[in-house]
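What follows is the content of target_3.cif, which has mmCIF, C-alpha atoms:
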data_entry
#
loop_
_atom_site.label_atom_id
_atom_site.label_comp_id
_atom_site.auth_asym_id
_atom_site.auth_seq_id
_atom_site.Cartn_x
_atom_site.Cartn_y
_atom_site.Cartn_z
CA MET A 180 106.32 75.53 36.62
CA ALA A 181 105.91 73.17 33.72
CA GLN A 182 105.00 69.55 34.20
CA ASN A 183 107.88 67.19 33.42
CA ASP A 184 107.44 64.97 30.36
CA VAL A 185 107.82 61.89 32.60
CA ASP A 186 105.61 61.69 35.69
CA PHE A 187 107.29 60.87 38.98
CA LYS A 188 106.21 57.44 40.21
CA ILE A 189 107.19 55.19 43.05
CA ASP A 190 108.95 52.11 41.66
CA VAL A 191 109.75 49.77 44.54
CA GLU A 192 111.35 47.13 42.33
CA ALA A 193 113.72 49.67 40.76
CA ILE A 194 114.70 50.98 44.20
CA VAL A 195 115.45 47.49 45.49
CA LYS A 196 117.47 46.69 42.36
CA SER A 197 119.53 49.86 42.78
CA LYS A 198 120.27 49.06 46.42
CA ALA A 199 120.89 45.34 46.02
CA GLY A 200 122.90 45.50 42.79
CA SER A 201 124.04 42.08 41.54
CA LYS A 202 122.51 40.45 44.65
CA TYR A 203 119.00 41.41 43.51
CA LYS A 204 118.52 37.99 41.86
CA TYR A 205 118.64 36.45 45.34
CA PHE A 206 116.11 38.91 46.73
CA PRO A 207 112.82 37.11 47.54
CA ARG A 208 109.99 38.14 45.22
CA PHE A 209 107.45 38.03 48.04
CA VAL A 210 109.43 40.72 49.89
CA VAL A 211 109.28 43.05 46.87
CA ASN A 212 105.54 42.46 46.59
CA TRP A 213 105.11 43.10 50.31
CA LEU A 214 107.02 46.38 50.03
CA LYS A 215 104.80 47.45 47.14
CA LYS A 216 101.76 46.73 49.29
CA ILE A 217 102.97 48.42 52.48
CA LEU A 218 104.08 51.49 50.48
CA HIS A 219 100.77 51.52 48.58
CA GLN A 220 102.71 51.87 45.34
CA ASP A 221 99.72 51.59 42.99
CA GLU A 222 97.46 53.90 45.01
CA VAL A 223 100.10 56.58 45.41
CA ASN A 224 101.04 56.45 41.74
CA ARG A 225 97.40 56.76 40.67
CA TYR A 226 97.14 59.85 42.86
CA LEU A 227 100.35 61.46 41.62
CA THR A 228 99.50 60.92 37.96
CA GLY A 229 95.80 61.64 38.39
CA ARG A 230 94.31 64.05 40.92
CA ALA A 231 97.63 65.67 41.84
CA LYS A 232 99.01 66.01 38.33
CA GLY A 233 99.69 69.63 37.36
CA LYS A 234 99.15 70.93 40.91
CA TYR A 235 101.94 72.74 42.74
CA GLY A 236 102.51 74.40 46.10
CA GLN A 237 99.30 75.37 47.86
CA ASP A 238 97.11 73.67 45.24
CA PHE A 239 99.04 70.42 45.69
CA LEU A 240 98.69 70.55 49.47
CA ASP A 241 94.98 71.38 49.30
CA GLU A 242 94.49 68.42 46.97
CA CYS A 243 96.35 66.16 49.41
CA VAL A 244 94.07 67.25 52.27
CA ALA A 245 91.01 66.56 50.10
CA TYR A 246 92.37 63.19 48.93
CA LEU A 247 93.00 62.09 52.52
CA GLU A 248 89.53 63.35 53.49
CA MET A 249 90.98 65.23 56.46
CA THR A 250 88.70 67.31 58.68
CA LEU A 251 90.75 70.07 60.31
CA ASN A 252 89.59 71.93 63.40
CA VAL A 253 91.93 74.94 63.43
CA LYS A 254 92.27 77.08 66.56
CA GLY A 255 94.11 80.36 67.08
CA ILE A 256 95.14 81.07 63.51
CA GLU A 257 93.16 84.29 63.37
CA GLU A 258 95.39 85.63 66.16
CA LEU A 259 98.64 85.02 64.30
CA PRO A 260 100.58 88.09 63.15
CA SER A 261 100.87 88.92 59.46
CA ASN A 262 104.11 89.30 57.51
CA GLU A 263 103.52 93.04 57.29
CA GLY A 264 106.72 95.01 57.58
CA GLY A 265 108.82 92.13 56.35
CA ARG A 266 108.48 90.10 59.53
CA TYR A 267 108.73 86.34 59.04
CA TYR A 268 108.41 83.57 61.59
CA THR A 269 109.73 80.17 62.59
CA ILE A 270 106.75 77.85 62.94
CA VAL A 271 107.38 74.68 64.95
CA SER A 272 105.08 71.75 65.54
CA ASN A 273 104.98 68.34 67.13
CA HIS A 274 105.02 65.53 64.57
CA PRO A 275 102.47 62.89 65.57
CA LEU A 276 101.74 61.33 62.17
CA GLY A 277 104.81 61.69 59.96
CA GLY A 278 103.10 62.77 56.75
CA GLU A 279 99.59 64.15 56.74
CA ASP A 280 100.35 66.50 59.63
CA GLY A 281 102.98 68.18 57.44
CA VAL A 282 100.61 68.34 54.47
CA ALA A 283 97.77 69.80 56.54
CA LEU A 284 99.93 72.40 58.29
CA GLY A 285 101.40 73.49 54.98
CA SER A 286 97.93 73.91 53.49
CA ILE A 287 96.67 75.93 56.47
CA LEU A 288 99.73 78.17 56.55
CA CYS A 289 99.80 78.73 52.79
CA HIS A 290 96.28 80.15 53.04
CA LYS A 291 97.26 82.31 56.02
CA TYR A 292 100.52 83.61 54.57
CA ASN A 293 99.85 83.64 50.84
CA SER A 294 102.16 80.66 50.24
CA LYS A 295 105.08 82.43 51.94
CA ILE A 296 106.08 79.12 53.50
CA LYS A 297 109.16 76.95 53.24
CA TYR A 298 109.56 73.44 54.60
CA LEU A 299 112.95 72.05 55.54
CA VAL A 300 112.65 68.50 54.20
CA ASN A 301 114.69 65.43 53.33
CA ASP A 302 115.87 65.90 49.77
CA VAL A 303 114.07 62.68 48.74
CA LEU A 304 110.78 64.58 49.02
CA MET A 305 111.98 67.00 46.37
CA ASN A 306 111.02 64.27 43.91
CA LEU A 307 107.40 65.15 44.63
CA GLU A 308 107.10 67.82 41.98
CA GLY A 309 103.99 69.38 43.49
CA LEU A 310 105.66 69.87 46.85
CA ALA A 311 109.04 71.08 45.57
CA PRO A 312 108.15 74.81 45.23
CA LEU A 313 107.62 75.01 49.00
CA CYS A 314 110.68 73.01 50.04
CA ILE A 315 114.32 73.52 50.78
CA PRO A 316 116.09 70.16 50.69
CA ILE A 317 118.07 69.07 53.71
CA ASN A 318 120.45 66.12 53.57
CA LYS A 319 122.26 65.38 56.85
CA THR A 320 124.02 62.29 55.54
CA GLY A 321 126.41 61.36 52.79
CA SER A 322 128.49 63.70 50.68
CA GLN A 323 125.91 66.50 50.87
CA SER A 324 125.95 66.69 54.67
CA ARG A 325 128.56 69.46 54.59
CA ASN A 326 125.96 71.68 52.89
CA PHE A 327 123.43 71.26 55.71
CA PRO A 328 124.21 74.56 57.50
CA LYS A 329 124.10 76.48 54.22
CA MET A 330 120.73 74.96 53.30
CA VAL A 331 119.26 75.92 56.67
CA ASP A 332 120.56 79.47 56.29
CA THR A 333 118.98 79.65 52.83
CA ALA A 334 115.57 79.03 54.40
CA PHE A 335 116.00 81.59 57.17
CA GLN A 336 117.42 84.22 54.83
CA SER A 337 114.41 83.95 52.52
CA GLU A 338 111.28 86.07 52.65
CA ASN A 339 109.28 83.10 53.88
CA ASN A 340 108.00 81.68 57.11
CA VAL A 341 109.91 78.50 57.94
CA LEU A 342 107.92 75.44 59.01
CA MET A 343 109.86 72.87 61.01
CA PHE A 344 109.29 69.64 62.94
CA PRO A 345 112.22 69.87 65.37
CA ALA A 346 111.95 66.26 66.52
CA GLY A 347 112.97 65.12 63.04
CA LEU A 348 111.16 61.81 63.49
CA CYS A 349 107.44 61.44 64.09
CA SER A 350 106.25 60.85 67.66
CA ARG A 351 106.96 57.64 69.55
CA LYS A 352 105.09 55.86 72.33
CA GLN A 353 107.10 55.65 75.53
CA HIS A 354 105.72 54.53 78.89
CA GLY A 355 102.23 54.64 77.42
CA VAL A 356 102.53 58.27 76.28
CA ILE A 357 102.69 59.36 72.62
CA ARG A 358 105.06 62.28 72.36
CA ASP A 359 107.91 63.63 70.25
CA LEU A 360 111.46 62.66 71.07
CA ASP A 361 113.81 65.49 72.09
CA TRP A 362 113.63 68.51 69.82
CA LYS A 363 116.77 69.59 67.98
CA LYS A 364 118.05 73.06 68.82
CA THR A 365 118.52 74.37 65.26
CA PHE A 366 115.26 76.33 65.26
CA ILE A 367 116.32 78.16 68.42
CA SER A 368 119.79 79.04 67.13
CA LYS A 369 118.52 80.26 63.76
CA SER A 370 115.55 82.15 65.19
CA ILE A 371 117.96 84.11 67.37
CA GLU A 372 120.43 84.66 64.54
CA TYR A 373 117.75 85.90 62.13
CA GLN A 374 115.57 87.55 64.78
CA ARG A 375 112.47 85.51 64.02
CA ASP A 376 109.75 85.03 66.61
CA VAL A 377 108.68 81.42 67.08
CA ILE A 378 105.08 80.30 66.57
CA PRO A 379 104.27 77.04 68.42
CA VAL A 380 101.70 74.62 66.97
CA HIS A 381 100.12 71.49 68.36
CA PHE A 382 98.73 68.88 65.94
CA SER A 383 96.51 66.13 67.35
CA GLY A 384 96.43 62.53 66.19
CA GLN A 385 98.36 59.28 66.46
CA ASN A 386 99.50 56.31 64.45
CA SER A 387 98.56 52.68 65.05
CA GLU A 388 99.79 50.52 67.92
CA ARG A 389 101.64 48.41 65.34
CA PHE A 390 103.73 51.42 64.30
CA TYR A 391 104.79 52.18 67.87
CA ARG A 392 105.63 48.52 68.55
CA ILE A 393 107.87 48.39 65.47
CA ALA A 394 109.58 51.66 66.42
CA ASN A 395 110.24 50.44 69.97
CA ILE A 396 111.56 47.07 68.76
CA CYS A 397 113.98 48.88 66.45
CA LYS A 398 115.14 51.01 69.35
CA ALA A 399 115.57 47.99 71.64
CA LEU A 400 117.64 46.19 68.98
CA HIS A 401 119.71 49.35 68.36
CA LEU A 402 119.01 49.15 64.64
CA LYS A 403 120.58 51.97 62.65
CA VAL A 404 117.92 51.66 59.93
CA ASN A 405 114.62 53.32 60.84
CA LEU A 406 112.34 50.48 59.71
CA ALA A 407 109.29 52.21 61.18
CA MET A 408 109.50 54.75 58.35
CA LEU A 409 108.54 52.01 55.90
CA PHE A 410 105.09 51.94 57.47
CA LEU A 411 104.34 55.67 57.37
CA VAL A 412 102.52 55.54 54.04
CA ASP A 413 100.37 52.70 55.35
CA GLU A 414 99.72 54.74 58.50
CA MET A 415 98.65 57.66 56.31
CA TYR A 416 96.04 55.51 54.60
CA LYS A 417 94.84 54.21 57.97
CA ASN A 418 94.15 57.84 58.95
CA VAL A 419 92.04 58.66 55.87
CA GLY A 420 88.77 60.32 56.81
CA LYS A 421 89.81 61.26 60.36
CA SER A 422 89.49 64.60 62.15
CA PHE A 423 92.42 66.50 63.63
CA THR A 424 92.72 69.58 65.84
CA VAL A 425 95.43 72.10 64.99
CA THR A 426 96.13 74.66 67.71
CA PHE A 427 98.33 77.71 67.16
CA GLY A 428 99.86 79.41 70.19
CA GLU A 429 101.00 82.98 70.70
CA PRO A 430 104.32 83.86 69.05
CA ILE A 431 107.32 83.61 71.35
CA PRO A 432 109.66 86.62 70.90
CA TRP A 433 113.12 85.56 69.82
CA GLN A 434 114.57 87.66 72.66
CA THR A 435 113.06 85.11 75.07
CA PHE A 436 115.87 82.70 74.27
CA ASP A 437 118.54 84.29 76.43
CA LYS A 438 121.58 82.82 78.13
CA SER A 439 119.62 81.53 81.14
CA LYS A 440 119.24 78.26 79.24
CA SER A 441 121.26 76.52 76.55
CA HIS A 442 119.76 76.38 73.06
CA ALA A 443 119.02 72.68 73.60
CA GLU A 444 117.18 73.49 76.84
CA TRP A 445 115.18 76.24 75.15
CA ALA A 446 114.17 73.77 72.43
CA GLN A 447 112.68 71.42 75.04
CA TRP A 448 111.02 74.40 76.73
CA VAL A 449 109.25 75.29 73.47
CA LYS A 450 108.33 71.63 72.99
CA ASP A 451 106.64 71.68 76.41
CA LYS A 452 104.77 74.86 75.42
CA VAL A 453 103.49 73.06 72.32
CA TYR A 454 102.07 70.21 74.36
CA GLU A 455 100.46 72.66 76.77
CA LEU A 456 98.36 73.85 73.82
CA ASP A 457 96.62 70.47 73.94
CA SER A 458 95.47 70.93 77.53
#

Show me, as structure tokens, the structure contained in the file I just sent.
Amino acid sequence: MAQNDVDFKIDVEAIVKSKAGSKYKYFPRFVVNWLKKILHQDEVNRYLTGRAKGKYGQDFLDECVAYLEMTLNVKGIEELPSNEGGRYYTIVSNHPLGGEDGVALGSILCHKYNSKIKYLVNDVLMNLEGLAPLCIPINKTGSQSRNFPKMVDTAFQSENNVLMFPAGLCSRKQHGVIRDLDWKKTFISKSIEYQRDVIPVHFSGQNSERFYRIANICKALHLKVNLAMLFLVDEMYKNVGKSFTVTFGEPIPWQTFDKSKSHAEWAQWVKDKVYELDS
């Protein structure tokens, strides 16, 4: 894939202008500067146009892991089945961090499965040129929402293992426990439809107490905008240099998901199995 003539960069001011329109002139300058800081605009742009430039797919993910100085203690991957015979899998994980967990898992699985991996991601992430070859964009809102089922089917029909974070959002702290919210049932329904066994994965780690406080305040105020997401890049930089344990469980045959439970109930059952891997 050729590098575009113009490098992708984060431009907070341009984003704010596009959202605010004619009201931008009333937008406080200190807020724009704060957003640039919390989103680490300059650091991220130096990375995208420097170390990451010209790297795609597995190489891009490996570079991300190196840049974030992540130490990964991987357990159980040697026991995972191969794709021999045209068998592909649905790989599901908890989502404790919201960014580097996805990068690290993608890197690990690309090495295991010769880059036969597809993420289902928000279409905004398709702007990251290095990540795009491994992604199928998913947009659940706006005019493109009607295409959501088709996009999911595209992933499951491909000759790739599908990596998913069924919670959608990264983990929250509730009653003193850091854990995913309820898992969506899509991975169960599609694994049955396409006869894919499910590989559960547990990823260790957590974000800062500040992140969980913000997330809980947003929930208490019933805010429709997920303000906590603004802080995920800052959380990523807080986690630079840390060690994480990644534990792969035994594949769960797709036939397991019978009519004794609803698809939503099976999704929570798999979620519980994932957290058991941490015991």

Give as an mmCIF file with C-alpha atoms, keeping the file's coordinate frame the residues that the PyMOL selection byres ((chain A and resi 371-384) around 9) matches when applied to the coordinates above.
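part-v1.cif was written with the following content:
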data_model
loop_
_atom_site.group_PDB
_atom_site.id
_atom_site.type_symbol
_atom_site.label_atom_id
_atom_site.label_comp_id
_atom_site.auth_asym_id
_atom_site.auth_seq_id
_atom_site.Cartn_x
_atom_site.Cartn_y
_atom_site.Cartn_z
ATOM 1 C CA LEU A 259 98.640 85.020 64.300
ATOM 2 C CA ARG A 266 108.480 90.100 59.530
ATOM 3 C CA TYR A 267 108.730 86.340 59.040
ATOM 4 C CA TYR A 268 108.410 83.570 61.590
ATOM 5 C CA THR A 269 109.730 80.170 62.590
ATOM 6 C CA ILE A 270 106.750 77.850 62.940
ATOM 7 C CA VAL A 271 107.380 74.680 64.950
ATOM 8 C CA SER A 272 105.080 71.750 65.540
ATOM 9 C CA ASN A 273 104.980 68.340 67.130
ATOM 10 C CA HIS A 274 105.020 65.530 64.570
ATOM 11 C CA PRO A 275 102.470 62.890 65.570
ATOM 12 C CA LEU A 276 101.740 61.330 62.170
ATOM 13 C CA ASP A 280 100.350 66.500 59.630
ATOM 14 C CA LEU A 284 99.930 72.400 58.290
ATOM 15 C CA PHE A 335 116.000 81.590 57.170
ATOM 16 C CA GLN A 336 117.420 84.220 54.830
ATOM 17 C CA PHE A 366 115.260 76.330 65.260
ATOM 18 C CA ILE A 367 116.320 78.160 68.420
ATOM 19 C CA SER A 368 119.790 79.040 67.130
ATOM 20 C CA LYS A 369 118.520 80.260 63.760
ATOM 21 C CA SER A 370 115.550 82.150 65.190
ATOM 22 C CA GLN A 385 98.360 59.280 66.460
ATOM 23 C CA ASN A 386 99.500 56.310 64.450
ATOM 24 C CA ASN A 418 94.150 57.840 58.950
ATOM 25 C CA LYS A 421 89.810 61.260 60.360
ATOM 26 C CA SER A 422 89.490 64.600 62.150
ATOM 27 C CA PHE A 423 92.420 66.500 63.630
ATOM 28 C CA THR A 424 92.720 69.580 65.840
ATOM 29 C CA VAL A 425 95.430 72.100 64.990
ATOM 30 C CA THR A 426 96.130 74.660 67.710
ATOM 31 C CA PHE A 427 98.330 77.710 67.160
ATOM 32 C CA GLY A 428 99.860 79.410 70.190
ATOM 33 C CA GLU A 429 101.000 82.980 70.700
ATOM 34 C CA PRO A 430 104.320 83.860 69.050
ATOM 35 C CA ILE A 431 107.320 83.610 71.350
ATOM 36 C CA PRO A 432 109.660 86.620 70.900
ATOM 37 C CA TRP A 433 113.120 85.560 69.820
ATOM 38 C CA GLN A 434 114.570 87.660 72.660
ATOM 39 C CA PHE A 436 115.870 82.700 74.270
ATOM 40 C CA VAL A 449 109.250 75.290 73.470
ATOM 41 C CA LYS A 450 108.330 71.630 72.990
ATOM 42 C CA LYS A 452 104.770 74.860 75.420
ATOM 43 C CA VAL A 453 103.490 73.060 72.320
ATOM 44 C CA TYR A 454 102.070 70.210 74.360
ATOM 45 C CA GLU A 455 100.460 72.660 76.770
ATOM 46 C CA LEU A 456 98.360 73.850 73.820
ATOM 47 C CA ASP A 457 96.620 70.470 73.940
#

In Å, rounded to a single decimal, give me how far atom CA of A:Leu342 is from atom CA of A:Tyr298.
5.1 Å

What does the distance from atom CA of A:Asn339 to atom CA of A:Ile296 come to in Å, to one decimal?
5.1 Å

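Here atom CA of A:Cys349 stands at a distance of 26.3 Å from atom CA of A:Glu192.
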
For the PyMOL selection byres ((chain A and resi 233) around 8), applied here, can you spell out every residue it catches as an NGL selection string?
:A and (182 or 231-232 or 234-235 or 309)

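Residues lying within 10 Å of (97.3, 66.6, 53.8). Counted over all atoms listed in the file, they are Phe239, Leu240, Asp241, Glu242, Cys243, Val244, Ala245, Tyr246, Leu247, Glu248, Met249, Thr250, Leu251, Gly278, Glu279, Asp280, Gly281, Val282, Ala283, Leu284, Gly285, Ser286, Ile287, Met415 and Val419 of chain A.
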
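For A:Asp221, the residues within 12 Å (counting only C-alpha atoms, excluding itself and residues fewer than 6 positions away along the chain) are Lys188, Ile189, Asp190, Val191, Asn212, Leu214, Lys215, Leu227, Thr228 and Gly229 of chain A.
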
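Remark: for A:Gln237, the closest of the candidate residues A:Val195, A:Ala394, A:Leu313, A:Val223 is A:Leu313 (distances computed over all atoms listed in the file).
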
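By only C-alpha atoms, and with residues fewer than 2 positions from stretch 359-361 of chain A along its chain excluded, the set lying at most 10 Å from it is Ser272, Asn273, His274, Pro275, Phe344, Pro345, Ala346, Gly347, Leu348, Cys349, Ser350, Arg351, Lys352, Gln353, Val356, Ile357, Lys363, Lys364, Ala443, Glu444, Ala446, Gln447, Lys450 and Tyr454 of chain A.
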
Starting from the point (103.9, 83.4, 48.9), work out which residues of protein, DNA or RNA have an atom no more than 10 Å away when counting only C-alpha atoms; state them as a list in words.
Gly236, Gln237, Cys289, His290, Lys291, Tyr292, Asn293, Ser294, Lys295, Ile296, Lys297, Leu313, Glu338, Asn339 and Asn340 of chain A

Among the residues A:Thr333, A:Lys196, A:Trp362, A:His354, the one that comes closest to A:Arg208 [using all atoms listed in the file]:
A:Lys196

Quick one: stretch 204-235 of chain A with N, CA and C atoms, as an mmCIF file, in the first residue's frame?
data_model
loop_
_atom_site.group_PDB
_atom_site.id
_atom_site.type_symbol
_atom_site.label_atom_id
_atom_site.label_comp_id
_atom_site.auth_asym_id
_atom_site.auth_seq_id
_atom_site.Cartn_x
_atom_site.Cartn_y
_atom_site.Cartn_z
ATOM 1 N N LYS A 204 -15.840 31.248 16.825
ATOM 2 C CA LYS A 204 -15.198 32.486 17.291
ATOM 3 C C LYS A 204 -15.494 32.768 18.760
ATOM 4 N N TYR A 205 -16.544 32.115 19.285
ATOM 5 C CA TYR A 205 -16.866 32.274 20.702
ATOM 6 C C TYR A 205 -16.254 31.168 21.561
ATOM 7 N N PHE A 206 -15.588 30.224 20.899
ATOM 8 C CA PHE A 206 -15.046 29.070 21.619
ATOM 9 C C PHE A 206 -13.768 29.499 22.344
ATOM 10 N N PRO A 207 -13.681 29.293 23.660
ATOM 11 C CA PRO A 207 -12.514 29.745 24.421
ATOM 12 C C PRO A 207 -11.212 29.101 23.929
ATOM 13 N N ARG A 208 -10.195 29.931 23.739
ATOM 14 C CA ARG A 208 -8.913 29.425 23.235
ATOM 15 C C ARG A 208 -8.279 28.444 24.208
ATOM 16 N N PHE A 209 -8.467 28.706 25.511
ATOM 17 C CA PHE A 209 -7.823 27.825 26.492
ATOM 18 C C PHE A 209 -8.400 26.411 26.430
ATOM 19 N N VAL A 210 -9.663 26.288 25.997
ATOM 20 C CA VAL A 210 -10.266 24.959 25.870
ATOM 21 C C VAL A 210 -9.618 24.193 24.707
ATOM 22 N N VAL A 211 -9.393 24.893 23.591
ATOM 23 C CA VAL A 211 -8.723 24.268 22.446
ATOM 24 C C VAL A 211 -7.322 23.804 22.846
ATOM 25 N N ASN A 212 -6.608 24.652 23.558
ATOM 26 C CA ASN A 212 -5.255 24.295 23.993
ATOM 27 C C ASN A 212 -5.274 23.116 24.962
ATOM 28 N N TRP A 213 -6.295 23.101 25.830
ATOM 29 C CA TRP A 213 -6.421 21.973 26.770
ATOM 30 C C TRP A 213 -6.695 20.671 26.022
ATOM 31 N N LEU A 214 -7.560 20.735 25.001
ATOM 32 C CA LEU A 214 -7.857 19.544 24.210
ATOM 33 C C LEU A 214 -6.606 19.035 23.503
ATOM 34 N N LYS A 215 -5.809 19.957 22.965
ATOM 35 C CA LYS A 215 -4.557 19.556 22.316
ATOM 36 C C LYS A 215 -3.656 18.827 23.295
ATOM 37 N N LYS A 216 -3.631 19.321 24.537
ATOM 38 C CA LYS A 216 -2.771 18.710 25.548
ATOM 39 C C LYS A 216 -3.282 17.344 25.971
ATOM 40 N N ILE A 217 -4.581 17.234 26.249
ATOM 41 C CA ILE A 217 -5.132 15.979 26.756
ATOM 42 C C ILE A 217 -5.129 14.900 25.675
ATOM 43 N N LEU A 218 -5.181 15.329 24.398
ATOM 44 C CA LEU A 218 -5.124 14.381 23.278
ATOM 45 C C LEU A 218 -3.696 14.157 22.775
ATOM 46 N N HIS A 219 -2.744 14.834 23.440
ATOM 47 C CA HIS A 219 -1.323 14.673 23.087
ATOM 48 C C HIS A 219 -1.107 14.881 21.586
ATOM 49 N N GLN A 220 -1.715 15.941 21.061
ATOM 50 C CA GLN A 220 -1.675 16.162 19.618
ATOM 51 C C GLN A 220 -0.254 16.141 19.055
ATOM 52 N N ASP A 221 0.655 16.885 19.653
ATOM 53 C CA ASP A 221 2.005 16.982 19.101
ATOM 54 C C ASP A 221 2.757 15.658 19.175
ATOM 55 N N GLU A 222 2.606 14.956 20.306
ATOM 56 C CA GLU A 222 3.307 13.672 20.461
ATOM 57 C C GLU A 222 2.791 12.629 19.473
ATOM 58 N N VAL A 223 1.473 12.558 19.353
ATOM 59 C CA VAL A 223 0.890 11.576 18.443
ATOM 60 C C VAL A 223 1.284 11.883 16.998
ATOM 61 N N ASN A 224 1.249 13.143 16.631
ATOM 62 C CA ASN A 224 1.606 13.516 15.261
ATOM 63 C C ASN A 224 3.071 13.236 14.954
ATOM 64 N N ARG A 225 3.950 13.465 15.929
ATOM 65 C CA ARG A 225 5.364 13.129 15.719
ATOM 66 C C ARG A 225 5.533 11.630 15.491
ATOM 67 N N TYR A 226 4.744 10.846 16.217
ATOM 68 C CA TYR A 226 4.820 9.386 16.044
ATOM 69 C C TYR A 226 4.300 8.956 14.675
ATOM 70 N N LEU A 227 3.153 9.486 14.288
ATOM 71 C CA LEU A 227 2.535 9.067 13.028
ATOM 72 C C LEU A 227 3.371 9.462 11.810
ATOM 73 N N THR A 228 4.037 10.603 11.906
ATOM 74 C CA THR A 228 4.828 11.064 10.765
ATOM 75 C C THR A 228 6.304 10.700 10.898
ATOM 76 N N GLY A 229 6.646 10.031 11.998
ATOM 77 C CA GLY A 229 8.027 9.629 12.229
ATOM 78 C C GLY A 229 8.179 8.117 12.275
ATOM 79 N N ARG A 230 8.179 7.563 13.460
ATOM 80 C CA ARG A 230 8.420 6.126 13.638
ATOM 81 C C ARG A 230 7.422 5.251 12.892
ATOM 82 N N ALA A 231 6.161 5.670 12.855
ATOM 83 C CA ALA A 231 5.117 4.834 12.262
ATOM 84 C C ALA A 231 4.950 5.022 10.764
ATOM 85 N N LYS A 232 5.581 6.045 10.213
ATOM 86 C CA LYS A 232 5.378 6.354 8.799
ATOM 87 C C LYS A 232 5.856 5.204 7.916
ATOM 88 N N GLY A 233 5.003 4.804 6.961
ATOM 89 C CA GLY A 233 5.366 3.739 6.033
ATOM 90 C C GLY A 233 5.189 2.337 6.585
ATOM 91 N N LYS A 234 4.654 2.221 7.810
ATOM 92 C CA LYS A 234 4.414 0.902 8.406
ATOM 93 C C LYS A 234 2.922 0.597 8.388
ATOM 94 N N TYR A 235 2.601 -0.660 8.025
ATOM 95 C CA TYR A 235 1.205 -1.059 7.862
ATOM 96 C C TYR A 235 0.971 -2.423 8.502
#
